Amino acid sequence: MTLVQMQPRSANANPVHRTVDDAMEAAGPQICDDMTVEVALSVMASARAGHLLVCDEDGLCTGLVTQPQLAAIRDSDAYTDRVRLRDVLGDRGPFTSPRTTMAEAEHAMRYRRLDALPVVDEHGSALGILALAR
């Protein structure tokens, strides 16, 4: 896996010091953590997205869910149609900052085996997604 190659926002961006801000994608579809797994799957299908950012009632990013994660939850024995995203997300994160270097972000994603990582500002609001290309 390699990081998605995007055009740097600054023509003067030094490739050695590239940051997440230079390579992140738009945040894309978001859903509130009080929505059910079924609603999240429906939104994901409608948006033709591979992931959704999950936000709390204050609009702060609490995590990211993918279609395979949600399908596994839906197919589990403990699943009911009342299961909410906040019930399955667990702890907040992981996240990265737009100021994180690409090398640090890539290392963290490989270590945690993540295909996508939410990029948040200092307040926890979603700014974008850093995604790995297959």
# chains A, B, ... in the order shown; residues from 1 in each chain; ligands from 1
>>> residues_around(residues="A:Leu64", least_positions_apart="3", cutoff="12 Å", atoms="only C-alpha atoms", output="ChimeraX atom specification")
/A:27-33,40,44,49-56,60-61,67-70,85-86,88-95,114-120,126,128-131
>>> write_last_selection(atoms="N, CA and C atoms", output="short mmCIF file (atom, residue, chain, number, x, y, z; two decimals), in the first residue's frame")
data_model
loop_
_atom_site.label_atom_id
_atom_site.label_comp_id
_atom_site.auth_asym_id
_atom_site.auth_seq_id
_atom_site.Cartn_x
_atom_site.Cartn_y
_atom_site.Cartn_z
N ALA A 27 -13.26 15.76 3.38
CA ALA A 27 -13.80 14.92 4.44
C ALA A 27 -14.84 13.92 3.94
N GLY A 28 -15.62 14.28 2.96
CA GLY A 28 -16.62 13.35 2.44
C GLY A 28 -17.82 13.23 3.36
N PRO A 29 -18.62 12.18 3.14
CA PRO A 29 -19.86 12.04 3.91
C PRO A 29 -19.60 11.83 5.40
N GLN A 30 -20.45 12.45 6.22
CA GLN A 30 -20.37 12.32 7.67
C GLN A 30 -21.72 11.90 8.20
N ILE A 31 -21.70 11.22 9.34
CA ILE A 31 -22.94 10.76 9.95
C ILE A 31 -22.80 10.92 11.47
N CYS A 32 -23.91 11.17 12.12
CA CYS A 32 -23.91 11.35 13.57
C CYS A 32 -23.81 9.99 14.27
N ASP A 33 -23.13 9.95 15.40
CA ASP A 33 -22.91 8.69 16.09
C ASP A 33 -24.18 8.10 16.73
N ALA A 40 -26.28 4.01 8.60
CA ALA A 40 -24.92 4.27 8.12
C ALA A 40 -24.64 3.49 6.83
N MET A 44 -23.85 5.22 3.26
CA MET A 44 -22.62 4.84 2.56
C MET A 44 -22.93 4.36 1.14
N ALA A 49 -19.61 5.60 -1.10
CA ALA A 49 -18.38 5.85 -0.35
C ALA A 49 -17.92 4.57 0.34
N GLY A 50 -16.64 4.45 0.51
CA GLY A 50 -16.08 3.29 1.20
C GLY A 50 -15.98 3.49 2.70
N HIS A 51 -16.19 4.72 3.14
CA HIS A 51 -16.10 5.03 4.57
C HIS A 51 -16.97 6.24 4.89
N LEU A 52 -17.28 6.38 6.16
CA LEU A 52 -18.01 7.54 6.66
C LEU A 52 -17.29 8.08 7.88
N LEU A 53 -17.20 9.38 7.98
CA LEU A 53 -16.73 9.99 9.22
C LEU A 53 -17.90 10.02 10.18
N VAL A 54 -17.63 9.71 11.43
CA VAL A 54 -18.67 9.70 12.45
C VAL A 54 -18.42 10.87 13.38
N CYS A 55 -19.48 11.66 13.64
CA CYS A 55 -19.37 12.84 14.49
C CYS A 55 -20.35 12.73 15.66
N ASP A 56 -20.02 13.40 16.76
CA ASP A 56 -20.92 13.42 17.91
C ASP A 56 -21.92 14.55 17.78
N LEU A 60 -18.10 17.09 16.52
CA LEU A 60 -16.69 16.68 16.60
C LEU A 60 -16.54 15.26 16.08
N CYS A 61 -15.47 15.04 15.35
CA CYS A 61 -15.21 13.73 14.77
C CYS A 61 -14.90 12.72 15.88
N GLN A 67 -17.40 0.10 5.20
CA GLN A 67 -18.46 -0.83 4.84
C GLN A 67 -18.17 -2.23 5.40
N PRO A 68 -16.94 -2.75 5.26
CA PRO A 68 -16.68 -4.08 5.84
C PRO A 68 -16.88 -4.13 7.37
N GLN A 69 -16.51 -3.07 8.07
CA GLN A 69 -16.73 -3.03 9.53
C GLN A 69 -18.21 -3.11 9.85
N LEU A 70 -19.00 -2.29 9.16
CA LEU A 70 -20.43 -2.25 9.44
C LEU A 70 -21.12 -3.55 9.03
N LEU A 85 -24.06 3.64 16.10
CA LEU A 85 -22.62 3.73 15.82
C LEU A 85 -21.81 3.99 17.08
N ARG A 86 -22.32 4.82 17.99
CA ARG A 86 -21.57 5.11 19.22
C ARG A 86 -21.38 3.85 20.06
N VAL A 88 -20.66 0.91 18.85
CA VAL A 88 -19.67 0.01 18.25
C VAL A 88 -18.33 0.68 17.98
N LEU A 89 -18.27 2.00 18.09
CA LEU A 89 -17.01 2.70 17.81
C LEU A 89 -15.98 2.56 18.91
N GLY A 90 -16.40 2.49 20.15
CA GLY A 90 -15.44 2.43 21.25
C GLY A 90 -14.81 3.78 21.48
N ASP A 91 -13.51 3.78 21.77
CA ASP A 91 -12.79 5.02 22.04
C ASP A 91 -12.72 5.88 20.80
N ARG A 92 -12.54 7.19 21.03
CA ARG A 92 -12.37 8.13 19.91
C ARG A 92 -11.05 7.85 19.22
N GLY A 93 -11.05 8.03 17.90
CA GLY A 93 -9.79 7.97 17.17
C GLY A 93 -9.62 6.65 16.46
N PRO A 94 -8.48 6.46 15.87
CA PRO A 94 -7.33 7.36 15.83
C PRO A 94 -7.54 8.50 14.81
N PHE A 95 -6.79 9.57 15.01
CA PHE A 95 -6.85 10.74 14.15
C PHE A 95 -5.43 11.21 13.84
N LEU A 114 -4.35 0.63 9.01
CA LEU A 114 -5.49 1.47 8.62
C LEU A 114 -5.41 1.83 7.14
N ASP A 115 -6.54 1.81 6.46
CA ASP A 115 -6.61 2.25 5.07
C ASP A 115 -6.94 3.72 4.95
N ALA A 116 -7.56 4.27 6.00
CA ALA A 116 -7.94 5.68 5.99
C ALA A 116 -7.85 6.22 7.42
N LEU A 117 -7.54 7.50 7.51
CA LEU A 117 -7.35 8.14 8.80
C LEU A 117 -7.98 9.53 8.76
N PRO A 118 -8.90 9.83 9.69
CA PRO A 118 -9.48 11.17 9.71
C PRO A 118 -8.43 12.21 10.08
N VAL A 119 -8.53 13.36 9.44
CA VAL A 119 -7.67 14.50 9.74
C VAL A 119 -8.55 15.52 10.46
N VAL A 120 -8.15 15.89 11.68
CA VAL A 120 -8.96 16.81 12.48
C VAL A 120 -8.14 18.02 12.88
N ALA A 126 -13.60 17.55 11.83
CA ALA A 126 -13.04 16.86 10.67
C ALA A 126 -12.66 17.85 9.58
N GLY A 128 -10.61 16.43 6.80
CA GLY A 128 -10.43 15.60 5.63
C GLY A 128 -10.08 14.19 6.01
N ILE A 129 -9.63 13.43 5.01
CA ILE A 129 -9.27 12.03 5.17
C ILE A 129 -7.91 11.82 4.51
N LEU A 130 -7.05 11.07 5.16
CA LEU A 130 -5.82 10.62 4.54
C LEU A 130 -6.04 9.15 4.23
N ALA A 131 -5.98 8.77 2.96
CA ALA A 131 -6.29 7.41 2.55
C ALA A 131 -5.12 6.77 1.85
#
>>> select_by_dssp(residues="chain A", states="strand (DSSP E)", output="compact mmCIF listing (two decimals) with all heavy atoms, in the first residue's frame")
# COMPACT_ATOMS: atom_id res chain seq x y z
N THR A 2 0.43 2.24 -0.72
CA THR A 2 1.12 3.52 -0.74
C THR A 2 0.13 4.62 -0.48
O THR A 2 -1.06 4.46 -0.73
CB THR A 2 1.82 3.77 -2.09
OG1 THR A 2 0.82 3.71 -3.11
CG2 THR A 2 2.90 2.75 -2.36
N LEU A 3 0.61 5.72 0.02
CA LEU A 3 -0.28 6.84 0.26
C LEU A 3 -0.79 7.40 -1.05
O LEU A 3 -0.09 7.38 -2.06
CB LEU A 3 0.44 7.94 1.04
CG LEU A 3 0.61 7.64 2.51
CD1 LEU A 3 1.56 8.62 3.16
CD2 LEU A 3 -0.72 7.70 3.22
N GLU A 25 -7.61 14.25 1.43
CA GLU A 25 -8.77 14.41 0.58
C GLU A 25 -9.85 15.15 1.37
O GLU A 25 -9.78 15.25 2.59
CB GLU A 25 -9.33 13.04 0.18
CG GLU A 25 -8.34 12.17 -0.55
CD GLU A 25 -8.87 10.75 -0.74
OE1 GLU A 25 -10.08 10.53 -0.54
OE2 GLU A 25 -8.06 9.89 -1.07
N ALA A 26 -10.88 15.62 0.68
CA ALA A 26 -12.02 16.24 1.36
C ALA A 26 -12.63 15.26 2.34
O ALA A 26 -12.54 14.04 2.16
CB ALA A 26 -13.06 16.67 0.34
N GLN A 30 -20.45 12.45 6.22
CA GLN A 30 -20.37 12.32 7.67
C GLN A 30 -21.72 11.90 8.20
O GLN A 30 -22.76 12.18 7.59
CB GLN A 30 -19.97 13.65 8.29
CG GLN A 30 -18.61 14.13 7.85
CD GLN A 30 -18.22 15.44 8.51
OE1 GLN A 30 -18.69 15.77 9.58
NE2 GLN A 30 -17.36 16.20 7.85
N ILE A 31 -21.70 11.22 9.34
CA ILE A 31 -22.94 10.76 9.95
C ILE A 31 -22.80 10.92 11.47
O ILE A 31 -21.70 10.84 12.01
CB ILE A 31 -23.24 9.30 9.55
CG1 ILE A 31 -24.65 8.90 9.94
CG2 ILE A 31 -22.20 8.35 10.11
CD1 ILE A 31 -25.15 7.65 9.26
N CYS A 32 -23.91 11.17 12.12
CA CYS A 32 -23.91 11.35 13.57
C CYS A 32 -23.81 9.99 14.27
O CYS A 32 -24.36 8.99 13.77
CB CYS A 32 -25.18 12.07 13.99
SG CYS A 32 -25.14 12.60 15.71
N HIS A 51 -16.19 4.72 3.14
CA HIS A 51 -16.10 5.03 4.57
C HIS A 51 -16.97 6.24 4.89
O HIS A 51 -17.35 6.99 4.00
CB HIS A 51 -14.65 5.31 4.98
CG HIS A 51 -14.06 6.46 4.22
ND1 HIS A 51 -13.32 6.29 3.08
CD2 HIS A 51 -14.13 7.80 4.43
CE1 HIS A 51 -12.96 7.48 2.63
NE2 HIS A 51 -13.43 8.41 3.42
N LEU A 52 -17.28 6.38 6.16
CA LEU A 52 -18.01 7.54 6.66
C LEU A 52 -17.29 8.08 7.88
O LEU A 52 -16.83 7.30 8.72
CB LEU A 52 -19.43 7.16 7.12
CG LEU A 52 -20.44 6.72 6.10
CD1 LEU A 52 -21.71 6.25 6.81
CD2 LEU A 52 -20.76 7.85 5.13
N LEU A 53 -17.20 9.38 7.98
CA LEU A 53 -16.73 9.99 9.22
C LEU A 53 -17.90 10.02 10.18
O LEU A 53 -19.03 10.32 9.79
CB LEU A 53 -16.25 11.42 8.97
CG LEU A 53 -14.91 11.54 8.25
CD1 LEU A 53 -14.60 12.99 7.95
CD2 LEU A 53 -13.80 10.94 9.10
N VAL A 54 -17.63 9.71 11.43
CA VAL A 54 -18.67 9.70 12.45
C VAL A 54 -18.42 10.87 13.38
O VAL A 54 -17.30 11.09 13.84
CB VAL A 54 -18.65 8.37 13.24
CG1 VAL A 54 -19.76 8.36 14.27
CG2 VAL A 54 -18.78 7.19 12.29
N CYS A 55 -19.48 11.66 13.64
CA CYS A 55 -19.37 12.84 14.49
C CYS A 55 -20.35 12.73 15.66
O CYS A 55 -21.38 12.07 15.55
CB CYS A 55 -19.68 14.11 13.69
SG CYS A 55 -18.53 14.37 12.33
N CYS A 61 -15.47 15.04 15.35
CA CYS A 61 -15.21 13.73 14.77
C CYS A 61 -14.90 12.72 15.88
O CYS A 61 -14.05 12.96 16.73
CB CYS A 61 -14.04 13.84 13.79
SG CYS A 61 -13.74 12.34 12.86
N THR A 62 -15.61 11.59 15.86
CA THR A 62 -15.36 10.54 16.85
C THR A 62 -14.71 9.32 16.24
O THR A 62 -14.26 8.43 16.95
CB THR A 62 -16.66 10.12 17.55
OG1 THR A 62 -17.58 9.66 16.59
CG2 THR A 62 -17.26 11.27 18.34
N GLY A 63 -14.66 9.24 14.92
CA GLY A 63 -14.03 8.10 14.28
C GLY A 63 -14.42 7.97 12.83
O GLY A 63 -15.01 8.88 12.23
N LEU A 64 -14.11 6.81 12.29
CA LEU A 64 -14.37 6.50 10.90
C LEU A 64 -14.85 5.06 10.83
O LEU A 64 -14.33 4.20 11.54
CB LEU A 64 -13.06 6.67 10.11
CG LEU A 64 -13.11 6.37 8.64
CD1 LEU A 64 -12.37 7.47 7.89
CD2 LEU A 64 -12.46 5.04 8.35
N VAL A 65 -15.86 4.80 10.02
CA VAL A 65 -16.34 3.43 9.82
C VAL A 65 -16.27 3.11 8.34
O VAL A 65 -16.42 3.97 7.48
CB VAL A 65 -17.78 3.22 10.35
CG1 VAL A 65 -17.82 3.29 11.86
CG2 VAL A 65 -18.76 4.19 9.74
N THR A 66 -16.06 1.83 8.07
CA THR A 66 -15.99 1.35 6.69
C THR A 66 -17.13 0.36 6.44
O THR A 66 -17.72 -0.18 7.39
CB THR A 66 -14.66 0.64 6.41
OG1 THR A 66 -14.56 -0.52 7.24
CG2 THR A 66 -13.48 1.57 6.67
N ALA A 116 -7.56 4.27 6.00
CA ALA A 116 -7.94 5.68 5.99
C ALA A 116 -7.85 6.22 7.42
O ALA A 116 -8.07 5.49 8.38
CB ALA A 116 -9.36 5.85 5.46
N LEU A 117 -7.54 7.50 7.51
CA LEU A 117 -7.35 8.14 8.80
C LEU A 117 -7.98 9.53 8.76
O LEU A 117 -7.65 10.33 7.88
CB LEU A 117 -5.85 8.25 9.08
CG LEU A 117 -5.37 8.69 10.44
CD1 LEU A 117 -5.83 7.71 11.52
CD2 LEU A 117 -3.84 8.76 10.44
N PRO A 118 -8.90 9.83 9.69
CA PRO A 118 -9.48 11.17 9.71
C PRO A 118 -8.43 12.21 10.08
O PRO A 118 -7.57 11.98 10.92
CB PRO A 118 -10.54 11.09 10.82
CG PRO A 118 -10.81 9.64 11.01
CD PRO A 118 -9.52 8.95 10.68
N VAL A 119 -8.53 13.36 9.44
CA VAL A 119 -7.67 14.50 9.74
C VAL A 119 -8.55 15.52 10.46
O VAL A 119 -9.58 15.92 9.93
CB VAL A 119 -7.07 15.11 8.45
CG1 VAL A 119 -6.17 16.28 8.79
CG2 VAL A 119 -6.32 14.05 7.66
N VAL A 120 -8.15 15.89 11.68
CA VAL A 120 -8.96 16.81 12.48
C VAL A 120 -8.14 18.02 12.88
O VAL A 120 -6.91 17.97 12.96
CB VAL A 120 -9.53 16.12 13.74
CG1 VAL A 120 -10.45 14.97 13.36
CG2 VAL A 120 -8.43 15.64 14.66
N ALA A 126 -13.60 17.55 11.83
CA ALA A 126 -13.04 16.86 10.67
C ALA A 126 -12.66 17.85 9.58
O ALA A 126 -13.45 18.70 9.21
CB ALA A 126 -14.03 15.84 10.14
N LEU A 127 -11.44 17.71 9.08
CA LEU A 127 -10.96 18.53 7.97
C LEU A 127 -10.86 17.73 6.68
O LEU A 127 -10.98 18.26 5.60
CB LEU A 127 -9.58 19.10 8.29
CG LEU A 127 -9.47 20.00 9.50
CD1 LEU A 127 -8.01 20.34 9.77
CD2 LEU A 127 -10.29 21.25 9.29
N GLY A 128 -10.61 16.43 6.80
CA GLY A 128 -10.43 15.60 5.63
C GLY A 128 -10.08 14.19 6.01
O GLY A 128 -10.18 13.79 7.17
N ILE A 129 -9.63 13.43 5.01
CA ILE A 129 -9.27 12.03 5.17
C ILE A 129 -7.91 11.82 4.51
O ILE A 129 -7.67 12.31 3.40
CB ILE A 129 -10.28 11.11 4.47
CG1 ILE A 129 -11.65 11.21 5.11
CG2 ILE A 129 -9.81 9.67 4.43
CD1 ILE A 129 -11.77 10.50 6.42
N LEU A 130 -7.05 11.07 5.16
CA LEU A 130 -5.82 10.62 4.54
C LEU A 130 -6.04 9.15 4.23
O LEU A 130 -6.34 8.35 5.12
CB LEU A 130 -4.63 10.79 5.49
CG LEU A 130 -3.28 10.47 4.89
CD1 LEU A 130 -2.95 11.43 3.75
CD2 LEU A 130 -2.20 10.51 5.95
N ALA A 131 -5.98 8.77 2.96
CA ALA A 131 -6.29 7.41 2.55
C ALA A 131 -5.12 6.77 1.85
O ALA A 131 -4.35 7.44 1.16
CB ALA A 131 -7.50 7.41 1.62
N LEU A 132 -4.98 5.45 2.04
CA LEU A 132 -3.97 4.68 1.34
C LEU A 132 -4.55 4.20 0.03
O LEU A 132 -5.72 3.85 -0.06
CB LEU A 132 -3.55 3.46 2.17
CG LEU A 132 -2.79 3.75 3.46
CD1 LEU A 132 -2.54 2.46 4.22
CD2 LEU A 132 -1.48 4.44 3.17
N ALA A 133 -3.73 4.17 -0.99
CA ALA A 133 -4.13 3.63 -2.28
C ALA A 133 -3.70 2.17 -2.34
O ALA A 133 -2.67 1.79 -1.79
CB ALA A 133 -3.46 4.41 -3.42
>>> select_by_dssp(residues="stretch 24-128 of chain A", states="helix (DSSP H, G or I)", output="PyMOL selection string")
chain A and resi 37-47+67-74+85-89+102-112
>>> residues_around(residues="stretch 101-110 of chain A", least_positions_apart="2", cutoff="6 Å", atoms="only C-alpha atoms", output="ChimeraX atom specification")
/A:18-20,112-114
>>> atom_distance(atom1="atom CA of A:Arg74", atom2="atom CA of A:Leu41")
9.6 Å
>>> atom_distance(atom1="atom CA of A:Gly124", atom2="atom CA of A:Ala72")
27.4 Å
